[in-house]
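Input: a single structure, listed below in structure tokens.
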Amino acid sequence: MGEWAGGIADEPARIPSIRIGRRWISTLWLVPLAIAALVVAVAIAQHLRQFDWMQHFIARYPGTPATDAAEPTGFPAWLRWSHLFNIVFMMFIIRAGLQILADHPRLYLNSGSTPGTAWLRLRGPVPPERLNPSEPAQAWTAKDDSVSLPRWLGLPGTRHTIGLARWWHFTFDGLWLLNGIAFYVLLFATGQWRRIVPQSWDVLPNAASTMVQYLSLDFPANDGFVAYNSLQLIAYFLTVFVFAPMAFVTGLLQAPAIAARFGLGSGPANRQVARSIHFGVLAWMVFFIAVHTAMVFTTGLVENLNHIVFGTDTDSYWALAAYLVAMAVIVVLWLLASPVTLRYPRVIQKVGRSSVGWIKGLMEWFNPDAEYSEKDISPYFWPNGTLPNSEHYRTLQSGNWVDYRLRVSGLVEKPTEFTYADLLDMDKHEQITQHYCIQGWSGIAKWGGVRMADILRVVTPLPSARWVVFTSMADGSEPGGGRYYDCHKIEHMRHPKALLAYEMNGEPLTETHGAPLRLRNEVELGFKQVKWIESIEFVESFAHIGKGQGGYNEDHEYFGYRMPI
Ligand SMILES: Nc1nc2c(c(=O)[nH]1)N[C@H]1C(S)=C(S)[C@@H](COP(=O)(O)O)O[C@H]1N2
Ligand SMILES: [Mo]
């Protein structure tokens, strides 16, 4: 793994900082702030409890609303198992999620991910001299911007391992969703829902009362086996019925296929808003797990463990023993995940592809028809990828592409070489569309060029042609890795928005963005939009090309080849 992503140097993430106006404040300040706030709150709560009116209020609203006799008590086996699975799934989801964030370690609210407008970041600013430099090789790419995480925290930690992290994230998302659906169904089938859904406004004064009791360090009676107090009830309700679904929805909103289907690339549901909310859900989940665990420990650990481990209202030490064993297993899984991933990346890719790859792939059925307006065009469009460095490219470039030939061959009736002038002579189409990079940034640009459908009409693919291979004039990032390439489904190439673009925002494509020709397939992620295209080949299968995974990044960075999300 020393040569990961072309031997990209390590660049450790910093503690996240948050922008307030023009200043960046480290989130480490939250620790002393939270302690100070807690101390003040305890002092206030203890003082309040001396007042008669507060004592009356607590007597009137002790914390747990009067329970109705029909309400179920205890913890059935399905609930206890689902609770255990949930924590195992969540630990992988959270760690892989952090790794995904580290691949573009900035959060924004604007669809263009404009440098300088982030509200949270895990590293310093983009070096200003590398924004729009005159020399393309000096451009600060999204890959340059990625950071690494400690291996025990990120999954798998190494810089730019997003391909592997995504397999973990999505595979465990799938398991977590199945677990969640089973949990919802059983919750409503058994009446257990009544324990975590507020059923009267009384829950608000009761929650306030519980809060005062906790903060005054004179805790309310723990009767969780029978009924939760209102503060617990609200926290569980929010977690199960608000934040968990929100995680799912904001995850989907980060998919290019969804944005391109529903036109969400700009506006309030754009990818950067979704990413920010997705991160907010993560922050809540981590906070919830921390407080929940702290309360389990401080409100009668052994009894609490008997409830959730064995479903009994007793105080046997066997529950503690079982809990410790489960925790030991969780710690071992935690410690093994990153080293195993880095040791067997191809296995992770294959397992991921067969577990969730095909489910994600279903989104390729969405029609990526969305268009945006001129005013949505991003003021800055992040560059990415490894520039061409051959003599050949330089010669063609300095000759203004007069000697450039686009070779189209393979399973076609009429293999054809197009000159740059041929392409300019064909019908020109323009589209303003969104670009969603796997790393997390997005942008909107106007592309002008030739429809792939028109190329197909000229060359006439044979019925056996199923994949269209785009090969670049540039190599990929690994020394000796060979040319960058990627494969697309032939059906996608018939879509009116599948474009061979030679213009961006009304200007000839720059070298940075793929001159003379780059692909647009709006249903897929950014890495599939091959730049500096040299040739197009129609094939039946891509198994014999490169390492056979469907593209350069699929071969070298373990991405999936169907990437509508
Ligand atoms: N030949 C080639 N094409 C490439 C890449 C690359 O490294 N080499 N990077 C891809 C990635 S990861 C992205 S996000 C887009 C970036 O396009 P842009 O630089 O115009 O933003 O190009 C894609 N096309
Ligand atoms: Mo990308």
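We label chains A, B, ... in the order they appear in the structure tokens, count residues from 1 in each chain, and number ligands from 1 in the order shown.
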Kindly compile the residues surrounding ligand 2 within 10 Å, counting only C-alpha atoms and all ligand atoms, and format them as a short mmCIF file (atom, residue, chain, number, x, y, z; two decimals) with N, CA and C atoms, in the first residue's frame.
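File out_10.cif, as written:
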```
data_model
loop_
_atom_site.label_atom_id
_atom_site.label_comp_id
_atom_site.auth_asym_id
_atom_site.auth_seq_id
_atom_site.Cartn_x
_atom_site.Cartn_y
_atom_site.Cartn_z
N THR A 141 -5.66 19.77 -7.42
CA THR A 141 -6.75 18.85 -7.77
C THR A 141 -7.47 18.39 -6.51
N ALA A 142 -8.65 17.83 -6.73
CA ALA A 142 -9.42 17.29 -5.61
C ALA A 142 -8.62 16.17 -4.93
N LYS A 143 -7.84 15.45 -5.71
CA LYS A 143 -7.03 14.38 -5.13
C LYS A 143 -5.95 14.97 -4.21
N TRP A 382 -13.78 22.36 -9.60
CA TRP A 382 -12.58 21.64 -9.15
C TRP A 382 -12.01 20.80 -10.29
N PRO A 383 -10.70 20.84 -10.50
CA PRO A 383 -10.10 19.92 -11.45
C PRO A 383 -9.73 18.63 -10.74
N ASN A 384 -9.62 17.57 -11.51
CA ASN A 384 -9.18 16.30 -10.91
C ASN A 384 -8.46 15.47 -11.96
N GLY A 385 -7.63 14.56 -11.48
CA GLY A 385 -7.01 13.59 -12.37
C GLY A 385 -5.57 13.92 -12.72
N HIS A 435 -22.00 17.89 -12.10
CA HIS A 435 -20.92 16.89 -12.07
C HIS A 435 -20.72 16.51 -10.61
N TYR A 436 -20.87 15.21 -10.29
CA TYR A 436 -20.70 14.75 -8.92
C TYR A 436 -19.48 13.83 -8.86
N CYS A 437 -18.40 14.32 -8.28
CA CYS A 437 -17.18 13.51 -8.15
C CYS A 437 -17.34 12.54 -6.99
N ILE A 438 -16.76 11.35 -7.13
CA ILE A 438 -16.83 10.34 -6.07
C ILE A 438 -16.31 10.90 -4.75
N GLN A 439 -15.37 11.86 -4.84
CA GLN A 439 -14.74 12.35 -3.62
C GLN A 439 -15.66 13.23 -2.78
N GLY A 440 -16.72 13.75 -3.40
CA GLY A 440 -17.70 14.50 -2.62
C GLY A 440 -17.98 15.89 -3.14
N TRP A 441 -17.08 16.47 -3.94
CA TRP A 441 -17.38 17.81 -4.46
C TRP A 441 -18.32 17.71 -5.65
N SER A 442 -18.93 18.85 -5.97
CA SER A 442 -19.82 18.89 -7.12
C SER A 442 -19.65 20.22 -7.82
N LEU A 525 -20.88 8.94 -11.85
CA LEU A 525 -19.95 9.79 -11.11
C LEU A 525 -18.85 10.35 -12.01
N GLY A 526 -18.12 11.34 -11.47
CA GLY A 526 -17.13 12.09 -12.23
C GLY A 526 -15.99 11.26 -12.81
N PHE A 527 -15.52 10.25 -12.08
CA PHE A 527 -14.33 9.54 -12.56
C PHE A 527 -14.60 8.78 -13.85
N LYS A 528 -15.89 8.57 -14.18
CA LYS A 528 -16.20 7.86 -15.43
C LYS A 528 -16.22 8.80 -16.64
N GLN A 529 -16.06 10.12 -16.37
CA GLN A 529 -16.08 11.11 -17.46
C GLN A 529 -14.65 11.27 -17.98
N ASN A 553 -9.68 3.43 -12.62
CA ASN A 553 -9.87 3.56 -11.17
C ASN A 553 -10.53 2.32 -10.57
#
```
Can you pull out every residue within 12 Å of Asp486 of chain A, counting only C-alpha atoms, but drop anything in the same chain fewer than 5 positions away, and send it as an NGL selection string? :A and (467-472 or 476 or 518-519 or 521 or 524-531 or 533 or 535-538 or 542 or 545-556 or 559-563)
Taking only segment 53-233 of chain A into account, list the residues labelled helix (DSSP H, G or I) by DSSP (computed from the backbone), as number ranges by chain. A: 53-60, 77-103, 128-130, 136-138, 142-145, 162-190, 192-195, 203-215, 230-233
Compare A:Ala322, A:Ala41, A:Cys487, A:Ala465 by their minimum atom-to-atom distance to ligand 1, counting only C-alpha atoms and all ligand atoms, and give me the closest one. A:Cys487
Name the residues of segment 89-291 of chain A that fall into strand (DSSP E) according to DSSP on the backbone, using the chain letters and numbers of this document, as a PyMOL selection string. chain A and resi 106-107+120-121
Using only C-alpha atoms and all ligand atoms, which of A:Ser146, A:Thr386, A:Gln232, A:Gln213 sits nearest ligand 1?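 Counting only C-alpha atoms and all ligand atoms, the residue closest to ligand 1 is A:Thr386.
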With segment 327-330 of chain A as the partner and 12 Å as the cut-off, tabulate the residues of segment 38-131 of chain A that qualify, each row holding the nearest pair of atoms and their distance in Å to one decimal, using only C-alpha atoms, sorted by chain and rising number, as CSV.
```
residue,atom,partner,partner_atom,distance
A:Leu84,CA,A:Ile330,CA,10.1
A:Phe85,CA,A:Ile330,CA,10.6
A:Asn86,CA,A:Ile330,CA,11.8
A:Ile87,CA,A:Ile330,CA,8.9
A:Val88,CA,A:Ile330,CA,6.9
A:Phe89,CA,A:Ile330,CA,10.4
A:Met90,CA,A:Ile330,CA,11.3
A:Met91,CA,A:Ile330,CA,9.0
A:Phe92,CA,A:Ile330,CA,10.5
```
Take the residues that were just selected and, keeping N, CA and C atoms, output them as a CSV table (one decimal), in the first residue's frame.
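Final output, saved to out_37.csv:
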```csv
chain,number,residue,atom,x,y,z
A,84,LEU,N,-28.1,-5.0,19.1
A,84,LEU,CA,-26.7,-5.5,18.9
A,84,LEU,C,-26.2,-5.3,17.5
A,85,PHE,N,-27.0,-5.8,16.5
A,85,PHE,CA,-26.6,-5.7,15.1
A,85,PHE,C,-26.4,-4.2,14.8
A,86,ASN,N,-27.3,-3.4,15.3
A,86,ASN,CA,-27.2,-2.0,15.0
A,86,ASN,C,-25.8,-1.4,15.3
A,87,ILE,N,-25.3,-1.7,16.5
A,87,ILE,CA,-24.1,-1.1,16.9
A,87,ILE,C,-22.9,-1.6,16.0
A,88,VAL,N,-23.0,-2.9,15.7
A,88,VAL,CA,-21.9,-3.4,14.8
A,88,VAL,C,-21.9,-2.8,13.4
A,89,PHE,N,-23.1,-2.7,12.9
A,89,PHE,CA,-23.3,-2.1,11.5
A,89,PHE,C,-22.8,-0.6,11.6
A,90,MET,N,-23.3,0.1,12.6
A,90,MET,CA,-23.1,1.5,12.7
A,90,MET,C,-21.6,1.8,12.8
A,91,MET,N,-20.8,1.0,13.5
A,91,MET,CA,-19.4,1.3,13.7
A,91,MET,C,-18.7,1.3,12.3
A,92,PHE,N,-19.1,0.4,11.5
A,92,PHE,CA,-18.4,0.4,10.2
A,92,PHE,C,-18.9,1.5,9.3
```
For atom CA of Glu135 of chain A and atom CA of Asn400 of chain A, the interatomic separation in Å (one decimal):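 Interatomic distance here is 17.6 Å.
For the pair atom CA of Leu186 of chain A and atom CA of Ala227 of chain A, the separation is 17.9 Å.
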Select, from A:Gly482, A:Gly267, A:Pro388, A:Pro415, the residue with the minimum atom-to-atom distance to ligand 1, counting only C-alpha atoms and all ligand atoms. A:Pro388
From the options A:Ile44, A:Ala498, A:Leu411, A:Ile348, which residue's atoms come nearest to Gly448 of chain A, counting only C-alpha atoms?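 Counting only C-alpha atoms, the residue closest to Gly448 of chain A is A:Ala498.
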